[in-house]
Amino acid sequence: MEQVSDTGPTDSPLNEDAAPERVIPEHARTIRSYVMRAGRTTEGQARALSELGPRFVLPYAPQALDFAATFGRQAPVVLEIGFGMGDATAKIAQTLPDTDFIGCEVHEPGVGALLKHIGEMGLHNLRLVRHDAVQVLEHMIPPGSLAGVHIFFPDPWHKKRHNKRRLIQQPLVAHLCSRLAPGGYLHCATDWEPYAQQMLEVLGAEPALVNTAESYADKPAYRPLTKFENRGLKLGHGVWDLVFRKKD
Ligand SMILES: C[S@@+](CC[C@H](N)C(=O)[O-])C[C@H]1O[C@@H](n2cnc3c(N)ncnc32)[C@H](O)[C@@H]1O
């Protein structure tokens, strides 16, 4: 059974305190891009949550993170929004050991699953926040600080009346751009063609971004094919990657 979370971003008292230069468009603040699924946390995930959570899960706090203190080193930081069960996230963190990753996901079993990968793979360059990424972006990610943003297979919100819940819309993209460092990248992937077209249109219209390809990009080598994606590709379904860079 699925139920829509009623703890929305507008509940945050901190929005009122935002400094004028950090004020973000209302839509980016109130977008409800996920549903809270009543999924079961397995024993292994629960163990990972209790054993590894204290080290690798950052509590949501309305305070900008100090990346160097968080990771214990100076390295480029990439934010991932909606890592699901975290399979791709863990593989990317393993492939790119000189980059630090912050993954946001609202779903507890997903956080537990990724913590399990962290333990099994001995990863050190990954921290998780179990919270709405839109609020994390606003309150925890300093402006101009990110080397990249990953948004892989975001909920497509197929029905027309739900399209407004898609993450990739102008206000959120502008908000993301404010957190990217000059030259930083935004990498999105989707298997839903109408959403891919929307992404291309919205990202293409954002003045702070330039497309790294003519249109859709080749899949960058660091993004692994997920099981779900592999199955879709075998059935002849498409996948579209988009990689845009923030202007210097
Ligand atoms: C369709 S799943 C894709 C998961 C994963 N990226 C993959 O490729 O398998 C989208 C995920 O994004 C999460 N999500 C959506 N909006 C979010 C938000 N605002 N903050 C954090 N997670 C979010 C959902 O809970 C869900 O797990």
# chains A, B, ... in the order shown; residues from 1 in each chain; ligands from 1
>>> closest_atom_pairs(of="chain A", to="ligand 1", cutoff="8 Å", atoms="only C-alpha atoms and all ligand atoms", output="Markdown table")
| residue | atom | partner | partner_atom_place_in_ligand_line | distance |
| --- | --- | --- | --- | --- |
| A:Ile31 | CA | ligand 1 | 19 (N) | 7.6 |
| A:Arg32 | CA | ligand 1 | 19 (N) | 6.7 |
| A:Ser33 | CA | ligand 1 | 16 (N) | 4.3 |
| A:Tyr34 | CA | ligand 1 | 15 (C) | 4.2 |
| A:Val35 | CA | ligand 1 | 25 (O) | 6.6 |
| A:Met36 | CA | ligand 1 | 25 (O) | 6.9 |
| A:Arg37 | CA | ligand 1 | 25 (O) | 7.9 |
| A:Ile81 | CA | ligand 1 | 21 (C) | 5.6 |
| A:Gly82 | CA | ligand 1 | 12 (O) | 3.2 |
| A:Phe83 | CA | ligand 1 | 6 (N) | 4.1 |
| A:Gly84 | CA | ligand 1 | 4 (C) | 3.6 |
| A:Met85 | CA | ligand 1 | 9 (O) | 6.5 |
| A:Gly86 | CA | ligand 1 | 5 (C) | 6.7 |
| A:Asp87 | CA | ligand 1 | 9 (O) | 7.4 |
| A:Ala88 | CA | ligand 1 | 8 (O) | 7.0 |
| A:Cys104 | CA | ligand 1 | 21 (C) | 5.0 |
| A:Glu105 | CA | ligand 1 | 22 (N) | 3.7 |
| A:Val106 | CA | ligand 1 | 22 (N) | 4.8 |
| A:His107 | CA | ligand 1 | 25 (O) | 5.3 |
| A:Gly110 | CA | ligand 1 | 27 (O) | 7.1 |
| A:Arg130 | CA | ligand 1 | 21 (C) | 7.3 |
| A:His131 | CA | ligand 1 | 21 (C) | 5.8 |
| A:Asp132 | CA | ligand 1 | 20 (N) | 3.6 |
| A:Ala133 | CA | ligand 1 | 20 (N) | 3.7 |
| A:Val134 | CA | ligand 1 | 19 (N) | 5.3 |
| A:Gln135 | CA | ligand 1 | 19 (N) | 7.9 |
| A:Ile151 | CA | ligand 1 | 6 (N) | 6.5 |
| A:Phe152 | CA | ligand 1 | 6 (N) | 4.4 |
| A:Phe153 | CA | ligand 1 | 8 (O) | 4.6 |
| A:Pro154 | CA | ligand 1 | 10 (C) | 4.4 |
| A:Asp155 | CA | ligand 1 | 1 (C) | 4.2 |
| A:Pro156 | CA | ligand 1 | 1 (C) | 7.2 |
| A:Leu167 | CA | ligand 1 | 16 (N) | 7.1 |
| A:Thr226 | CA | ligand 1 | 9 (O) | 7.0 |
| A:Phe228 | CA | ligand 1 | 9 (O) | 7.5 |
>>> residues_around(residues="region 192-202 of chain A", least_positions_apart="5", cutoff="7 Å", atoms="only C-alpha atoms", output="PDB file with all heavy atoms, in the first residue's frame")
ATOM      1  N   PRO A 156       8.910   9.001 -12.577  1.00  0.00           N
ATOM      2  CA  PRO A 156       8.499   9.687 -13.809  1.00  0.00           C
ATOM      3  C   PRO A 156       7.160  10.409 -13.709  1.00  0.00           C
ATOM      4  O   PRO A 156       6.874  11.271 -14.511  1.00  0.00           O
ATOM      5  CB  PRO A 156       8.405   8.550 -14.834  1.00  0.00           C
ATOM      6  CG  PRO A 156       8.250   7.298 -14.035  1.00  0.00           C
ATOM      7  CD  PRO A 156       8.873   7.538 -12.688  1.00  0.00           C
ATOM      8  N   ILE A 168      12.606  17.392 -12.195  1.00  0.00           N
ATOM      9  CA  ILE A 168      13.281  18.235 -13.193  1.00  0.00           C
ATOM     10  C   ILE A 168      12.302  19.227 -13.798  1.00  0.00           C
ATOM     11  O   ILE A 168      11.634  18.961 -14.795  1.00  0.00           O
ATOM     12  CB  ILE A 168      13.971  17.377 -14.272  1.00  0.00           C
ATOM     13  CG1 ILE A 168      14.958  16.408 -13.613  1.00  0.00           C
ATOM     14  CG2 ILE A 168      14.724  18.265 -15.277  1.00  0.00           C
ATOM     15  CD1 ILE A 168      16.046  17.060 -12.776  1.00  0.00           C
ATOM     16  N   GLN A 169      12.208  20.349 -13.116  1.00  0.00           N
ATOM     17  CA  GLN A 169      11.421  21.493 -13.574  1.00  0.00           C
ATOM     18  C   GLN A 169      12.261  22.730 -13.284  1.00  0.00           C
ATOM     19  O   GLN A 169      13.160  22.699 -12.432  1.00  0.00           O
ATOM     20  CB  GLN A 169      10.109  21.552 -12.806  1.00  0.00           C
ATOM     21  CG  GLN A 169       9.277  20.287 -13.017  1.00  0.00           C
ATOM     22  CD  GLN A 169       7.896  20.432 -12.419  1.00  0.00           C
ATOM     23  OE1 GLN A 169       7.131  21.296 -12.820  1.00  0.00           O
ATOM     24  NE2 GLN A 169       7.575  19.592 -11.460  1.00  0.00           N
ATOM     25  N   GLN A 170      11.935  23.801 -13.986  1.00  0.00           N
ATOM     26  CA  GLN A 170      12.799  24.991 -13.945  1.00  0.00           C
ATOM     27  C   GLN A 170      13.187  25.448 -12.521  1.00  0.00           C
ATOM     28  O   GLN A 170      14.370  25.663 -12.261  1.00  0.00           O
ATOM     29  CB  GLN A 170      12.134  26.131 -14.747  1.00  0.00           C
ATOM     30  CG  GLN A 170      13.025  27.342 -14.958  1.00  0.00           C
ATOM     31  CD  GLN A 170      12.997  28.307 -13.782  1.00  0.00           C
ATOM     32  OE1 GLN A 170      11.990  28.403 -13.082  1.00  0.00           O
ATOM     33  NE2 GLN A 170      14.109  29.006 -13.551  1.00  0.00           N
ATOM     34  N   TRP A 240      17.761   7.371 -21.532  1.00  0.00           N
ATOM     35  CA  TRP A 240      18.336   8.630 -21.982  1.00  0.00           C
ATOM     36  C   TRP A 240      19.155   9.255 -20.852  1.00  0.00           C
ATOM     37  O   TRP A 240      18.646   9.431 -19.738  1.00  0.00           O
ATOM     38  CB  TRP A 240      17.214   9.589 -22.411  1.00  0.00           C
ATOM     39  CG  TRP A 240      16.486   9.083 -23.627  1.00  0.00           C
ATOM     40  CD1 TRP A 240      16.785   9.367 -24.924  1.00  0.00           C
ATOM     41  CD2 TRP A 240      15.367   8.179 -23.664  1.00  0.00           C
ATOM     42  NE1 TRP A 240      15.921   8.696 -25.773  1.00  0.00           N
ATOM     43  CE2 TRP A 240      15.046   7.963 -25.025  1.00  0.00           C
ATOM     44  CE3 TRP A 240      14.604   7.524 -22.688  1.00  0.00           C
ATOM     45  CZ2 TRP A 240      13.994   7.129 -25.426  1.00  0.00           C
ATOM     46  CZ3 TRP A 240      13.565   6.688 -23.083  1.00  0.00           C
ATOM     47  CH2 TRP A 240      13.268   6.503 -24.439  1.00  0.00           C
TER      48      TRP A 240
END
>>> closest_residue(among="A:Arg231, A:Arg223, A:Arg55, A:His237", to="Lys91 (chain A)", atoms="only C-alpha atoms")
A:Arg223
>>> closest_residue(among="A:Val129, A:Cys177, A:Val78, A:Leu52", to="Gly148 (chain A)", atoms="only C-alpha atoms")
A:Val78
>>> atom_distance(atom1="CA of Gly112 (chain A)", atom2="CA of Thr41 (chain A)")
7.4 Å
>>> residues_around(residues="Leu128 (chain A)", least_positions_apart="4", cutoff="7 Å", atoms="only C-alpha atoms", output="CSV table (one decimal) with all heavy atoms, in the first residue's frame")
chain,number,residue,atom,x,y,z
A,56,PHE,N,27.7,6.7,8.9
A,56,PHE,CA,27.6,7.1,7.5
A,56,PHE,C,26.3,7.9,7.2
A,56,PHE,O,26.1,8.4,6.1
A,56,PHE,CB,27.6,5.8,6.6
A,56,PHE,CG,29.0,5.2,6.6
A,56,PHE,CD1,29.3,4.1,7.3
A,56,PHE,CD2,30.0,5.8,5.8
A,56,PHE,CE1,30.6,3.5,7.3
A,56,PHE,CE2,31.2,5.2,5.7
A,56,PHE,CZ,31.5,4.1,6.5
A,57,VAL,N,25.3,7.9,8.2
A,57,VAL,CA,24.1,8.7,7.9
A,57,VAL,C,24.2,10.0,8.6
A,57,VAL,O,24.5,10.1,9.9
A,57,VAL,CB,22.8,7.9,8.4
A,57,VAL,CG1,21.6,8.8,8.2
A,57,VAL,CG2,22.7,6.6,7.7
A,58,LEU,N,24.1,11.1,7.9
A,58,LEU,CA,24.2,12.4,8.4
A,58,LEU,C,22.7,12.8,8.9
A,58,LEU,O,21.8,12.7,8.0
A,58,LEU,CB,24.7,13.4,7.4
A,58,LEU,CG,26.0,13.1,6.7
A,58,LEU,CD1,26.3,14.1,5.6
A,58,LEU,CD2,27.1,13.2,7.8
A,102,ILE,N,27.3,12.4,-1.4
A,102,ILE,CA,26.2,12.5,-0.5
A,102,ILE,C,25.0,12.0,-1.2
A,102,ILE,O,24.6,12.6,-2.2
A,102,ILE,CB,26.1,14.0,0.0
A,102,ILE,CG1,27.3,14.5,0.7
A,102,ILE,CG2,24.9,14.1,0.9
A,102,ILE,CD1,27.3,15.9,1.1
A,103,GLY,N,24.4,11.0,-0.6
A,103,GLY,CA,23.2,10.4,-1.2
A,103,GLY,C,21.9,10.7,-0.4
A,103,GLY,O,22.0,10.6,0.8
A,104,CYS,N,20.9,11.2,-1.0
A,104,CYS,CA,19.6,11.5,-0.3
A,104,CYS,C,18.6,10.5,-0.7
A,104,CYS,O,18.4,10.3,-1.9
A,104,CYS,CB,19.1,12.9,-0.7
A,104,CYS,SG,20.1,14.2,0.0
>>> select_by_dssp(residues="region 111-223 of chain A", states="strand (DSSP E or B)", output="ChimeraX atom specification")
/A:126-129,146-152,180-190,209-211,217
>>> select_by_dssp(residues="region 17-236 of chain A", states="helix (DSSP H, G or I)", output="PyMOL selection string")
chain A and resi 17+20-22+26-30+43-56+67-71+87-95+108-121+133-139+160-165+170-179+193-205+227-234
>>> closest_residue(among="A:Ile141, A:Leu49, A:Ala38, A:Ala93", to="Leu65 (chain A)", atoms="only C-alpha atoms")
A:Ile141
>>> closest_residue(among="A:Leu115, A:Gln94, A:Phe67, A:Asp100", to="Gly53 (chain A)", atoms="only C-alpha atoms")
A:Leu115
>>> atom_distance(atom1="CA of Arg40 (chain A)", atom2="CA of Lys227 (chain A)")
20.6 Å
>>> closest_residue(among="A:Leu79, A:Val239, A:Glu43, A:Gly204", to="Met140 (chain A)", atoms="only C-alpha atoms")
A:Leu79
>>> residues_around(residues="Pro220 (chain A)", least_positions_apart="2", cutoff="12 Å", atoms="only C-alpha atoms", output="MDAnalysis selection string")
chainID A and resid 92 150 187:189 212:213 216:218 222:225 240:243
>>> write_last_selection(atoms="C-alpha atoms", output="short mmCIF file (atom, residue, chain, number, x, y, z; two decimals), in the first residue's frame")
data_model
loop_
_atom_site.label_atom_id
_atom_site.label_comp_id
_atom_site.auth_asym_id
_atom_site.auth_seq_id
_atom_site.Cartn_x
_atom_site.Cartn_y
_atom_site.Cartn_z
CA ILE A 92 30.00 4.69 -8.54
CA HIS A 150 23.26 12.72 -10.03
CA HIS A 187 23.73 14.17 -14.79
CA CYS A 188 20.17 12.87 -15.19
CA ALA A 189 19.00 9.55 -16.62
CA THR A 212 27.94 18.57 -22.94
CA ALA A 213 26.38 16.79 -25.95
CA TYR A 216 21.21 13.29 -25.20
CA ALA A 217 24.62 12.15 -23.93
CA ASP A 218 26.30 8.77 -24.20
CA TYR A 222 30.94 5.66 -14.22
CA ARG A 223 27.16 5.03 -14.31
CA PRO A 224 26.62 1.25 -14.12
CA LEU A 225 23.69 -0.43 -15.83
CA TRP A 240 18.34 8.63 -21.98
CA ASP A 241 21.28 10.27 -20.21
CA LEU A 242 21.68 14.03 -20.03
CA VAL A 243 24.89 15.69 -18.84
#
